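> Structure incoming, see below.
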Amino acid sequence: MKKISIIVPCYNEQESLPLFYEEIIKVAGEMKKEKVEFEFLFVNDGSRDKTLEVSRELAKKDKRVRYISFSRNFGKEAAMYAGLENVTGDYIAVMDADLQDPPKLLPEMYHLIIEEGYDCVGTRRVTRKGEPPIRSFFARCFYKIINKMSKVEMVDGARDYRLMTRQMVDAILSMKEYNRYSKGLFSFVGFQTKWLEYENIERVAGETKWNFWKLLMYAFDGIFAFSTVPLSIATAIGIIFCIISFIAIAVIIVKTLAFGDPVDGWPSMVCIMFFLSGIQLFCTGIVGAYLSRTYLETKKRPIYIVKETEEELKTK
């Protein structure tokens, strides 16, 4: 029998997790006729609520349930990586616990891989119903910008929810980088991908952990991870302002010699100084962003640290 492993990153999902479990076991029951078995791996990313306790209870009553609990919050990227490292299935899916990733799509995803030979079946939202308009606007802008900057294609509306073959997962795991942006890594490794479209589904319980600021920082992570264009932009800005300064100097010299007009206007000079200083700091910040990521990579710190797994329940 083939095995499908479901990875579920969890951060403060005590309300959503039981509801997710009920839905996913229904799908697992429907797919028995496909002669596949399931493995459910819940990755507790340093939750402050009872997510770990819920995971323990589920693992006690269902042998298919496994869990990994981190020593602290390392972030969703680390949770997904931990899941990919520890699952044993022939096909691996990543899903959110809030049911915004509909489990009912799994049978179709599995058939597309088995029958049509795809290496990955991903999902993308065709609408952003329920999201704040400003958040949707910036999300669309982000995908337009990053696709122009990067050679790796980022699909607008793509979710982390996807079913992958073991070969594709092994390729992703071969990249041990500390600063991870999984949407880009999924695209970077290649392989043949089929996209399933669906309308946005709101959370069944709990609150989103992604505020505007976190999403903005995550967007910057994606740009810096898969493009060096910002460095070229900083260089281009420097060249442009050098040319402008040379022209301005020439104009001042000609104006003074031809018309005897003395150079004055210290308020405008102060404004120009502040403006140019801001441009310099902006360009320095771009360089610093790349340098900081290089610094973190050279430290070789672990992407996550495990505090507890379901194996400890068996020994008690």
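Going through the structure tokens in order, the chains are called A, B, and so on, while each chain numbers its residues from 1 and the ligands are numbered from 1 in the order shown.
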Would you kindly return, as an NGL selection string, each protein, DNA or RNA residue with an atom no farther than 9 Å from any atom of region 87-89 of chain A, considering only C-alpha atoms and excluding same-chain residues fewer than 2 positions away?

:A and (2-7 or 37-41 or 82-85 or 91-92 or 165-166)

> So that I can see what lies close to region 29-33 of chain A, please list as a VMD selection string the residues with an atom at most 12 Å from it, counting only C-alpha atoms and leaving out residues fewer than 4 positions away in the same chain.

chain A and resid 1 to 4 22 to 25 37 to 38 103 to 111

> Set the distance at 7 Å and use only C-alpha atoms: which residues neighbour region 294-304 of chain A once local chain neighbours fewer than 2 positions away are removed? I'd like the list as a ChimeraX atom specification.

/A:70,74,78,177-178,290-292,306

> Write the residues of the selection above to a file with N, CA, C and O atoms, as a CSV table (one decimal), in the first residue's frame.


```
chain,number,residue,atom,x,y,z
A,70,PHE,N,8.0,21.8,19.2
A,70,PHE,CA,9.2,22.6,19.3
A,70,PHE,C,9.5,23.1,20.7
A,70,PHE,O,8.6,23.2,21.5
A,74,PHE,N,9.4,28.7,16.3
A,74,PHE,CA,10.4,28.9,15.2
A,74,PHE,C,9.8,29.4,13.9
A,74,PHE,O,10.6,29.8,13.0
A,78,ALA,N,9.9,26.8,9.5
A,78,ALA,CA,10.6,25.7,10.2
A,78,ALA,C,9.7,24.5,10.5
A,78,ALA,O,10.1,23.4,10.4
A,177,GLU,N,19.1,25.7,3.6
A,177,GLU,CA,19.2,27.1,4.0
A,177,GLU,C,18.4,27.4,5.2
A,177,GLU,O,17.3,26.9,5.4
A,178,TYR,N,18.9,28.4,6.0
A,178,TYR,CA,18.2,28.8,7.2
A,178,TYR,C,17.1,29.7,7.0
A,178,TYR,O,16.0,29.6,7.6
A,290,TYR,N,20.8,41.8,2.7
A,290,TYR,CA,21.5,40.6,2.1
A,290,TYR,C,22.6,40.1,3.0
A,290,TYR,O,22.8,39.0,3.2
A,291,LEU,N,23.3,41.1,3.6
A,291,LEU,CA,24.4,40.8,4.5
A,291,LEU,C,23.9,40.0,5.7
A,291,LEU,O,24.5,39.1,6.2
A,292,SER,N,22.8,40.5,6.3
A,292,SER,CA,22.3,39.8,7.5
A,292,SER,C,21.9,38.4,7.2
A,292,SER,O,22.1,37.5,8.1
A,306,VAL,N,13.5,20.2,18.6
A,306,VAL,CA,12.4,19.4,19.1
A,306,VAL,C,12.5,19.2,20.6
A,306,VAL,O,13.5,18.9,21.2
```

> Report, in Å with one decimal, the straight-line distance from CA of Asp96 (chain A) to CA of Ser16 (chain A).

9.5 Å

> So that I can see what lies close to region 54-61 of chain A, please list as number ranges by chain the residues with an atom at most 12 Å from it, counting only C-alpha atoms and leaving out residues fewer than 5 positions away in the same chain.

A: 8-22, 25, 39-45, 47, 49, 66-69, 97, 308-314, 316

> For CA of Ala236 (chain A) and CA of Ala219 (chain A), determine how far apart the two atoms are, in Å to one decimal place.

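Pair CA of Ala236 (chain A) / CA of Ala219 (chain A) returns 22.5 Å.
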
> List every residue of region 102-288 of chain A that DSSP, applied to the backbone, labels as helix (DSSP H, G or I), and write the result as a PyMOL selection string.

chain A and resi 103-116+133-149+166-173+182-188+212-226+229-259+266-288

> With a distance cut-off of 9 Å and only C-alpha atoms, select the neighbouring residues of Phe224 (chain A), excluding the residue or stretch itself and same-chain residues fewer than 4 positions from it, and output the selection as an mmCIF file with all heavy atoms, in the first residue's frame.


```
data_model
loop_
_atom_site.group_PDB
_atom_site.id
_atom_site.type_symbol
_atom_site.label_atom_id
_atom_site.label_comp_id
_atom_site.auth_asym_id
_atom_site.auth_seq_id
_atom_site.Cartn_x
_atom_site.Cartn_y
_atom_site.Cartn_z
ATOM 1 N N ALA A 219 7.064 38.917 2.729
ATOM 2 C CA ALA A 219 7.220 39.284 1.321
ATOM 3 C C ALA A 219 8.664 39.700 1.035
ATOM 4 O O ALA A 219 9.252 39.309 0.009
ATOM 5 C CB ALA A 219 6.259 40.419 0.962
ATOM 6 N N PHE A 220 9.254 40.476 1.946
ATOM 7 C CA PHE A 220 10.651 40.864 1.772
ATOM 8 C C PHE A 220 11.562 39.632 1.790
ATOM 9 O O PHE A 220 12.542 39.559 1.040
ATOM 10 C CB PHE A 220 11.066 41.847 2.866
ATOM 11 C CG PHE A 220 10.553 43.241 2.664
ATOM 12 C CD1 PHE A 220 10.113 44.002 3.732
ATOM 13 C CD2 PHE A 220 10.510 43.801 1.393
ATOM 14 C CE1 PHE A 220 9.633 45.292 3.550
ATOM 15 C CE2 PHE A 220 10.038 45.087 1.194
ATOM 16 C CZ PHE A 220 9.592 45.824 2.279
ATOM 17 N N THR A 228 18.338 39.146 -6.732
ATOM 18 C CA THR A 228 19.375 40.120 -6.375
ATOM 19 C C THR A 228 19.103 41.466 -7.054
ATOM 20 O O THR A 228 19.944 42.354 -7.023
ATOM 21 C CB THR A 228 20.772 39.610 -6.797
ATOM 22 O OG1 THR A 228 20.766 39.335 -8.204
ATOM 23 C CG2 THR A 228 21.143 38.352 -6.025
ATOM 24 N N VAL A 229 17.914 41.594 -7.635
ATOM 25 C CA VAL A 229 17.551 42.834 -8.322
ATOM 26 C C VAL A 229 17.598 44.049 -7.389
ATOM 27 O O VAL A 229 18.034 45.126 -7.812
ATOM 28 C CB VAL A 229 16.159 42.696 -8.977
ATOM 29 C CG1 VAL A 229 15.652 44.042 -9.498
ATOM 30 C CG2 VAL A 229 16.220 41.700 -10.128
ATOM 31 N N PRO A 230 17.176 43.932 -6.102
ATOM 32 C CA PRO A 230 17.289 45.113 -5.225
ATOM 33 C C PRO A 230 18.696 45.676 -5.143
ATOM 34 O O PRO A 230 18.872 46.892 -5.030
ATOM 35 C CB PRO A 230 16.826 44.566 -3.863
ATOM 36 C CG PRO A 230 15.853 43.496 -4.215
ATOM 37 C CD PRO A 230 16.432 42.837 -5.436
ATOM 38 N N ALA A 289 20.346 44.018 4.286
ATOM 39 C CA ALA A 289 19.390 42.903 4.309
ATOM 40 C C ALA A 289 20.031 41.630 3.759
ATOM 41 O O ALA A 289 19.870 40.540 4.323
ATOM 42 C CB ALA A 289 18.149 43.270 3.513
ATOM 43 N N TYR A 290 20.771 41.772 2.667
ATOM 44 C CA TYR A 290 21.460 40.604 2.111
ATOM 45 C C TYR A 290 22.592 40.148 3.021
ATOM 46 O O TYR A 290 22.813 38.953 3.211
ATOM 47 C CB TYR A 290 22.014 40.926 0.721
ATOM 48 C CG TYR A 290 20.966 40.939 -0.358
ATOM 49 C CD1 TYR A 290 20.377 42.124 -0.770
ATOM 50 C CD2 TYR A 290 20.544 39.755 -0.966
ATOM 51 C CE1 TYR A 290 19.401 42.141 -1.754
ATOM 52 C CE2 TYR A 290 19.574 39.767 -1.963
ATOM 53 C CZ TYR A 290 19.007 40.957 -2.347
ATOM 54 O OH TYR A 290 18.036 40.962 -3.315
ATOM 55 N N ARG A 293 21.293 38.170 6.065
ATOM 56 C CA ARG A 293 20.909 36.803 5.726
ATOM 57 C C ARG A 293 22.132 35.915 5.505
ATOM 58 O O ARG A 293 22.129 34.738 5.865
ATOM 59 C CB ARG A 293 20.006 36.817 4.491
ATOM 60 C CG ARG A 293 18.579 37.233 4.840
ATOM 61 C CD ARG A 293 17.801 37.753 3.638
ATOM 62 N NE ARG A 293 16.412 38.041 4.015
ATOM 63 C CZ ARG A 293 16.027 39.103 4.695
ATOM 64 N NH1 ARG A 293 16.925 39.996 5.075
ATOM 65 N NH2 ARG A 293 14.750 39.290 5.000
#
```

> Determine which residues of region 71-294 of chain A DSSP labels as strand (DSSP E) from the backbone of this structure, then write them out as an MDAnalysis selection string.

chainID A and resid 91:94 120:125 158:165 193:198

> Contacts of Asp101 (chain A) at 10 Å or less, counting only C-alpha atoms, minus same-chain residues fewer than 3 places along, as a PyMOL selection string?

chain A and resi 20+94-98+104-106+123-125+159-162+198+200-203

> With distances taken over only C-alpha atoms, which residue among A:Ala28, A:Val254, A:Ile279, A:Ile223 lies nearest Tyr143 (chain A)?

A:Ile223

> As an exercise, work out the distance from CA of Met164 (chain A) to CA of Asp119 (chain A) in Å and give it to one decimal place.

5.9 Å
